[in-house]
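Student: Mind having a look at this structure? Questions to follow.
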Amino acid sequence: LCPDAVAYSVLITGYCNEGRLKEARSLLMEMAGSGLLDIAFALRVVIESHVKFGKLLTCLNMVTPLRKYGIVIPSQSYSCLISALCEDMRPNAARGLLQWMIEDGHSPSLQVYNMIVDCFCRRDNPKEALDVKVEMTSREVKPNYDTYQALITCLCRLGKSLAGQSIMVEMIESDFHPNEAICAALVCGFCKEGDLDRGELIVKSFVLDFQIRCNESYNALMRTYCETRSTAESLALQDRMLELGFVPNSETCRSIIYGLSRRPG
């Protein structure tokens with residue numbers, strides 16, 4: 001009697017449940033070599049078990065010959081592997097799997113693209129993240145709020161706040177309204193770069209255009225003014241912020257007191 005896909009799958013699942021991944025891989029390769037077509041379930045179990053036990057490299061080395069057999073890796077399995085690679089901060093490997101996914105005829109979801117964009121951003125590599133954004137757009141996958149926030153936050157953190165502002169403009173044109181986190185990223189970025197006028201314009205724009213009063217941005221601007229500008233300029237900024245509806249809190253007061261003690265009069 002020749003074992004069928006069900007027999008193989010039952011045995012493979014048992015091995016995976018006990019963490020005996022070598023035996024599970026061996027059976028899976030035997031199953032693939034025997035010409036059985038219904039391999040998707042067993043393959044998914046093996047891949048998810050390798051991810052669970054932290055055997056990513058071994059799993060990737062297994063996927064390569066399977067593809068040479070002509071076996072199409074299920075979309076769900078690709079997503080599982082890409083997610084694990086992104087959690088492991090390996091965006092280049094995740095992007096390589098994304099290409100395999102496309103070659104196998106799958107259409108990557110927005111969530112998959114966002115995982116890779118976010119991983120590149122966390123690795124301080126906005127160029128690759130922007131390339132992935134261009135690629136997803138070319139495949140008619142529309143970026144969403146998470147895509148834009150990851151890019152803007154990364155660019156501002158790396159001293160490229162003008163580029164981050166350009167991404168925000170694109171975001172608004174795509175009918176996504178920015179929130180306090182994006183406002184804070186931009187203002188803190190411009191303050192770090194010493195462009196306080198542009199930082200103030202961002203604060204004002206968020207109040208007038210989106211009715212968002214971001215206290216973190218307000219305090220970041222006040223703190224930088226008190227550290228780098230004269231007392232008169234800092235107090236003038238405070239007056240302008242009051243006109244926009246901001247209410248000073250303990251952090252604001254600390255910044256102003258520091259500015260006064262630093263530069264009396």
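Chain identifiers are assigned as A, B, and so on, following the order in which chains appear in the structure tokens; residues are numbered from 1 within each chain, and ligands are numbered from 1 in order of appearance.
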If you run DSSP over the backbone, which residues in segment 97-216 of chain A end up alpha helix (DSSP H)? Put them as JSON, numbers by chain.
Tutor: {"A": [97, 98, 99, 100, 101, 102, 103, 110, 111, 112, 113, 114, 115, 116, 117, 118, 119, 120, 121, 122, 126, 127, 128, 129, 130, 131, 132, 133, 134, 135, 136, 137, 138, 145, 146, 147, 148, 149, 150, 151, 152, 153, 154, 155, 156, 157, 161, 162, 163, 164, 165, 166, 167, 168, 169, 170, 171, 172, 173, 180, 181, 182, 183, 184, 185, 186, 187, 188, 189, 190, 191, 192, 196, 197, 198, 199, 200, 201, 202, 203, 204, 205, 206, 207, 208, 209, 210, 215, 216]}
Student: Just want the 9 Å neighbourhood of segment 112-124 of chain A, counted on only C-alpha atoms, with same-chain residues fewer than 5 positions away dropped. Output as a ChimeraX atom specification.
Tutor: /A:79,82-83,86-87,89-92,94-95,98,129-133,136,141,143-144,146-147,150-151,153-155,157-158
Student: Could you write out that same residue set with N, CA, C and O atoms as a short mmCIF file (atom, residue, chain, number, x, y, z; two decimals), in the first residue's frame?
Tutor:
```cif
data_model
loop_
_atom_site.label_atom_id
_atom_site.label_comp_id
_atom_site.auth_asym_id
_atom_site.auth_seq_id
_atom_site.Cartn_x
_atom_site.Cartn_y
_atom_site.Cartn_z
N SER A 79 3.33 34.25 4.27
CA SER A 79 3.03 35.33 5.22
C SER A 79 3.60 35.02 6.59
O SER A 79 4.14 35.91 7.27
N ILE A 82 7.44 35.50 6.40
CA ILE A 82 7.79 36.92 6.30
C ILE A 82 7.60 37.62 7.63
O ILE A 82 8.43 38.42 8.06
N SER A 83 6.51 37.29 8.32
CA SER A 83 6.26 37.86 9.64
C SER A 83 7.38 37.50 10.62
O SER A 83 7.88 38.35 11.36
N CYS A 86 10.58 39.40 9.80
CA CYS A 86 10.48 40.80 10.22
C CYS A 86 10.62 40.94 11.73
O CYS A 86 11.25 41.88 12.22
N GLU A 87 10.05 40.01 12.47
CA GLU A 87 10.21 40.03 13.93
C GLU A 87 11.67 39.81 14.30
O GLU A 87 12.15 40.32 15.31
N MET A 89 14.04 40.97 12.62
CA MET A 89 14.73 42.14 12.06
C MET A 89 15.61 41.77 10.87
O MET A 89 16.75 42.20 10.73
N ARG A 90 15.05 40.98 9.95
CA ARG A 90 15.77 40.59 8.74
C ARG A 90 14.93 40.97 7.52
O ARG A 90 14.38 40.12 6.82
N PRO A 91 14.82 42.28 7.25
CA PRO A 91 13.94 42.73 6.18
C PRO A 91 14.37 42.31 4.78
O PRO A 91 13.54 42.11 3.90
N ASN A 92 15.69 42.22 4.54
CA ASN A 92 16.15 41.82 3.21
C ASN A 92 15.73 40.39 2.88
O ASN A 92 15.30 40.10 1.76
N ALA A 94 13.17 38.90 4.20
CA ALA A 94 11.71 38.95 4.05
C ALA A 94 11.34 39.45 2.65
O ALA A 94 10.40 38.94 2.02
N ARG A 95 12.10 40.42 2.15
CA ARG A 95 11.81 40.94 0.81
C ARG A 95 12.11 39.89 -0.25
O ARG A 95 11.43 39.81 -1.28
N LEU A 98 9.23 37.71 -0.36
CA LEU A 98 8.14 38.42 -1.04
C LEU A 98 8.23 38.21 -2.54
O LEU A 98 7.21 37.98 -3.21
N ALA A 129 12.66 50.86 2.36
CA ALA A 129 11.24 50.93 2.72
C ALA A 129 10.44 51.67 1.65
O ALA A 129 9.34 51.25 1.27
N LEU A 130 11.01 52.76 1.13
CA LEU A 130 10.33 53.52 0.07
C LEU A 130 10.26 52.72 -1.22
O LEU A 130 9.28 52.80 -1.96
N ASP A 131 11.30 51.92 -1.49
CA ASP A 131 11.27 51.06 -2.67
C ASP A 131 10.14 50.04 -2.58
O ASP A 131 9.45 49.76 -3.57
N VAL A 132 9.93 49.48 -1.39
CA VAL A 132 8.84 48.52 -1.19
C VAL A 132 7.50 49.22 -1.38
O VAL A 132 6.57 48.65 -1.98
N LYS A 133 7.40 50.46 -0.90
CA LYS A 133 6.16 51.23 -1.09
C LYS A 133 5.87 51.43 -2.58
O LYS A 133 4.72 51.30 -3.02
N MET A 136 4.64 48.09 -4.01
CA MET A 136 3.26 47.74 -3.66
C MET A 136 2.27 48.59 -4.45
O MET A 136 1.23 48.09 -4.90
N VAL A 141 -1.61 47.85 -4.72
CA VAL A 141 -1.88 47.72 -3.28
C VAL A 141 -1.68 49.11 -2.69
O VAL A 141 -0.57 49.63 -2.67
N PRO A 143 -1.12 52.03 -0.15
CA PRO A 143 -0.60 52.24 1.21
C PRO A 143 -1.70 52.75 2.14
O PRO A 143 -2.61 53.45 1.70
N ASN A 144 -1.60 52.40 3.41
CA ASN A 144 -2.58 52.89 4.37
C ASN A 144 -1.88 53.70 5.46
O ASN A 144 -0.69 54.02 5.35
N ASP A 146 -0.75 52.93 8.39
CA ASP A 146 0.42 52.30 8.99
C ASP A 146 1.66 52.46 8.11
O ASP A 146 2.77 52.67 8.60
N THR A 147 1.47 52.34 6.79
CA THR A 147 2.58 52.51 5.86
C THR A 147 3.17 53.91 5.99
O THR A 147 4.39 54.08 6.13
N ALA A 150 4.96 54.69 9.50
CA ALA A 150 6.28 54.06 9.63
C ALA A 150 7.33 54.87 8.87
O ALA A 150 8.43 55.14 9.38
N LEU A 151 7.00 55.28 7.65
CA LEU A 151 7.95 56.02 6.82
C LEU A 151 8.24 57.41 7.39
O LEU A 151 9.41 57.82 7.49
N THR A 153 7.86 58.57 10.49
CA THR A 153 8.57 58.47 11.76
C THR A 153 10.05 58.16 11.54
O THR A 153 10.93 58.75 12.17
N CYS A 154 10.33 57.24 10.64
CA CYS A 154 11.70 56.85 10.35
C CYS A 154 12.49 58.02 9.76
O CYS A 154 13.60 58.33 10.20
N LEU A 155 11.92 58.69 8.76
CA LEU A 155 12.62 59.79 8.10
C LEU A 155 12.92 60.92 9.09
O LEU A 155 14.03 61.48 9.09
N ARG A 157 13.22 60.70 12.34
CA ARG A 157 14.21 60.23 13.32
C ARG A 157 15.63 60.31 12.77
O ARG A 157 16.59 60.52 13.51
N LEU A 158 15.75 60.16 11.45
CA LEU A 158 17.07 60.14 10.81
C LEU A 158 17.49 61.51 10.27
O LEU A 158 18.44 61.61 9.50
#
```
Student: Glu251 of chain A: which residues within 9 Å, counting only C-alpha atoms, same-chain residues fewer than 3 positions away excluded, as a list in words?
Tutor: Asn219, Arg223, Pro248, Arg254, Ser255 and Ile256 of chain A
Student: Output N, CA and C atoms for every residue in the selection just made, as an mmCIF file, in the first residue's frame.
Tutor:
```cif
data_model
loop_
_atom_site.group_PDB
_atom_site.id
_atom_site.type_symbol
_atom_site.label_atom_id
_atom_site.label_comp_id
_atom_site.auth_asym_id
_atom_site.auth_seq_id
_atom_site.Cartn_x
_atom_site.Cartn_y
_atom_site.Cartn_z
ATOM 1 N N ASN A 219 5.256 71.014 23.500
ATOM 2 C CA ASN A 219 6.316 71.040 24.512
ATOM 3 C C ASN A 219 7.696 70.858 23.908
ATOM 4 N N ARG A 223 10.484 73.598 24.480
ATOM 5 C CA ARG A 223 11.749 73.174 25.102
ATOM 6 C C ARG A 223 12.947 73.604 24.251
ATOM 7 N N PRO A 248 -0.589 75.472 28.877
ATOM 8 C CA PRO A 248 0.687 75.042 29.461
ATOM 9 C C PRO A 248 0.477 73.985 30.545
ATOM 10 N N ARG A 254 8.428 73.899 33.227
ATOM 11 C CA ARG A 254 9.827 73.560 33.480
ATOM 12 C C ARG A 254 10.729 74.139 32.390
ATOM 13 N N SER A 255 10.270 74.039 31.138
ATOM 14 C CA SER A 255 11.076 74.563 30.030
ATOM 15 C C SER A 255 11.247 76.079 30.146
ATOM 16 N N ILE A 256 10.159 76.765 30.470
ATOM 17 C CA ILE A 256 10.221 78.225 30.575
ATOM 18 C C ILE A 256 11.102 78.641 31.752
#
```
Student: Residues near Ile182 of chain A, anyone? I mean within 9 Å using only C-alpha atoms, not counting same-chain ones fewer than 6 positions away, as an mmCIF file with C-alpha atoms, in the first residue's frame.
Tutor:
```cif
data_model
loop_
_atom_site.group_PDB
_atom_site.id
_atom_site.type_symbol
_atom_site.label_atom_id
_atom_site.label_comp_id
_atom_site.auth_asym_id
_atom_site.auth_seq_id
_atom_site.Cartn_x
_atom_site.Cartn_y
_atom_site.Cartn_z
ATOM 1 C CA GLN A 149 3.367 56.532 9.740
ATOM 2 C CA ILE A 152 7.378 59.486 8.301
ATOM 3 C CA THR A 153 8.569 58.472 11.758
ATOM 4 C CA MET A 168 2.639 63.387 4.887
#
```
Student: Expressed in Å to a single decimal, how great is the separation between atom CA of Thr13 of chain A and atom CA of Ala32 of chain A?
Tutor: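 It comes out at 15.6 Å.
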Student: Can you tell me, as a compact mmCIF listing (two decimals) with N, CA, C and O atoms, in the first residue's frame, what residues are no more than 10 Å from Arg213 of chain A when counting only C-alpha atoms, ignoring any on the same chain fewer than 3 positions away?
Tutor:
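Final output, saved to part.txt:
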```txt
# COMPACT_ATOMS: atom_id res chain seq x y z
N ASN A 179 -2.22 61.97 12.47
CA ASN A 179 -2.65 62.08 13.87
C ASN A 179 -1.53 62.69 14.71
O ASN A 179 -0.53 63.18 14.20
N GLU A 180 -1.69 62.63 16.03
CA GLU A 180 -0.72 63.27 16.93
C GLU A 180 0.66 62.65 16.80
O GLU A 180 1.67 63.36 16.92
N CYS A 183 2.38 64.22 13.90
CA CYS A 183 2.70 65.60 14.24
C CYS A 183 3.94 65.66 15.13
O CYS A 183 4.88 66.44 14.88
N VAL A 203 2.94 72.62 13.78
CA VAL A 203 2.01 72.69 14.93
C VAL A 203 0.78 73.50 14.56
O VAL A 203 -0.37 73.09 14.82
N LYS A 204 0.99 74.66 13.93
CA LYS A 204 -0.13 75.52 13.55
C LYS A 204 -1.02 74.85 12.52
O LYS A 204 -2.26 74.91 12.61
N SER A 205 -0.41 74.18 11.55
CA SER A 205 -1.18 73.50 10.50
C SER A 205 -2.07 72.41 11.09
O SER A 205 -3.23 72.27 10.69
N PHE A 206 -1.53 71.65 12.02
CA PHE A 206 -2.33 70.57 12.62
C PHE A 206 -3.52 71.12 13.39
O PHE A 206 -4.60 70.52 13.39
N VAL A 207 -3.34 72.27 14.03
CA VAL A 207 -4.46 72.87 14.76
C VAL A 207 -5.52 73.40 13.79
O VAL A 207 -6.72 73.10 13.94
N LEU A 208 -5.08 74.14 12.79
CA LEU A 208 -6.04 74.80 11.90
C LEU A 208 -6.66 73.85 10.88
O LEU A 208 -7.84 73.98 10.54
N PHE A 210 -6.55 70.24 10.98
CA PHE A 210 -7.06 68.95 11.47
C PHE A 210 -7.62 69.01 12.89
O PHE A 210 -8.05 68.00 13.43
N GLU A 216 2.68 66.99 22.95
CA GLU A 216 4.07 66.56 22.83
C GLU A 216 4.82 67.49 21.86
O GLU A 216 5.97 67.88 22.13
N SER A 217 4.17 67.83 20.76
CA SER A 217 4.80 68.72 19.78
C SER A 217 4.98 70.12 20.36
O SER A 217 6.03 70.76 20.19
N TYR A 218 3.94 70.59 21.03
CA TYR A 218 3.97 71.91 21.65
C TYR A 218 5.13 72.01 22.64
O TYR A 218 5.93 72.96 22.62
N MET A 241 1.27 80.18 20.94
CA MET A 241 0.69 78.87 21.23
C MET A 241 -0.62 79.00 22.02
O MET A 241 -1.57 78.26 21.79
N LEU A 244 -3.44 79.60 19.79
CA LEU A 244 -3.89 78.39 19.09
C LEU A 244 -4.67 77.45 20.00
O LEU A 244 -5.17 76.42 19.54
N GLY A 245 -4.77 77.80 21.27
CA GLY A 245 -5.57 76.99 22.19
C GLY A 245 -4.78 76.02 23.04
O GLY A 245 -5.38 75.19 23.74
N PHE A 246 -3.45 76.10 23.02
CA PHE A 246 -2.65 75.21 23.86
C PHE A 246 -2.67 75.69 25.30
O PHE A 246 -2.68 76.90 25.56
N VAL A 247 -2.68 74.76 26.23
CA VAL A 247 -2.67 75.08 27.66
C VAL A 247 -1.36 74.58 28.26
O VAL A 247 -1.05 73.39 28.16
```
Student: Can you pull out the residues contacting Ser166 of chain A? Cut-off 12 Å, using only C-alpha atoms, and skip same-chain residues under 5 positions away; I want them as a list in words.
Tutor: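 Answer for this query is Tyr148, Leu151, Ile152, Leu155, Cys156, Lys160, Ser161, Met171, Ile172, Glu173 and Leu186 of chain A.
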Student: Just the number, please: distance in Å from atom CA of Lys55 of chain A to atom CA of Gln76 of chain A, one decimal.
Tutor: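 These atoms are spaced 17.8 Å apart.
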Student: With a distance cut-off of 8 Å and only C-alpha atoms, select the neighbouring residues of Val51 of chain A, excluding the residue or stretch itself and same-chain residues fewer than 3 positions from it, and output the selection as a PyMOL selection string.
Tutor: chain A and resi 47-48+54-56+59+80-81+84
Student: Keeping only N, CA and C atoms, write those residues as a CSV table (one decimal), in the first residue's frame.
Tutor:
```csv
chain,number,residue,atom,x,y,z
A,47,ILE,N,6.2,24.4,8.2
A,47,ILE,CA,6.7,25.7,8.2
A,47,ILE,C,6.3,26.4,9.5
A,48,GLU,N,5.1,26.3,9.9
A,48,GLU,CA,4.7,27.0,11.2
A,48,GLU,C,5.4,26.4,12.4
A,54,GLY,N,11.8,28.5,16.3
A,54,GLY,CA,12.9,29.4,16.0
A,54,GLY,C,13.9,28.8,15.0
A,55,LYS,N,13.5,28.0,14.1
A,55,LYS,CA,14.4,27.3,13.1
A,55,LYS,C,14.1,28.0,11.7
A,56,LEU,N,14.3,29.3,11.6
A,56,LEU,CA,14.0,30.0,10.4
A,56,LEU,C,14.9,29.6,9.3
A,59,CYS,N,14.3,26.2,7.9
A,59,CYS,CA,13.0,26.2,7.1
A,59,CYS,C,13.3,26.8,5.7
A,80,CYS,N,3.5,33.8,7.0
A,80,CYS,CA,4.0,33.3,8.3
A,80,CYS,C,5.5,33.5,8.4
A,81,LEU,N,6.2,33.1,7.3
A,81,LEU,CA,7.7,33.2,7.3
A,81,LEU,C,8.1,34.7,7.2
A,84,ALA,N,7.8,36.2,10.6
A,84,ALA,CA,8.9,35.8,11.5
A,84,ALA,C,10.2,36.5,11.2
```
Student: Find the distance between atom CA of Leu196 of chain A and atom CA of Tyr225 of chain A and write it in Å to one decimal.
Tutor: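 Computed distance, atom CA of Leu196 of chain A to atom CA of Tyr225 of chain A, equals 7.7 Å.
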Student: For Ile73 of chain A, which residue among A:Lys52, A:Met101, A:Asp197, A:Cys253 is the nearest when counting only C-alpha atoms?
Tutor: A:Met101
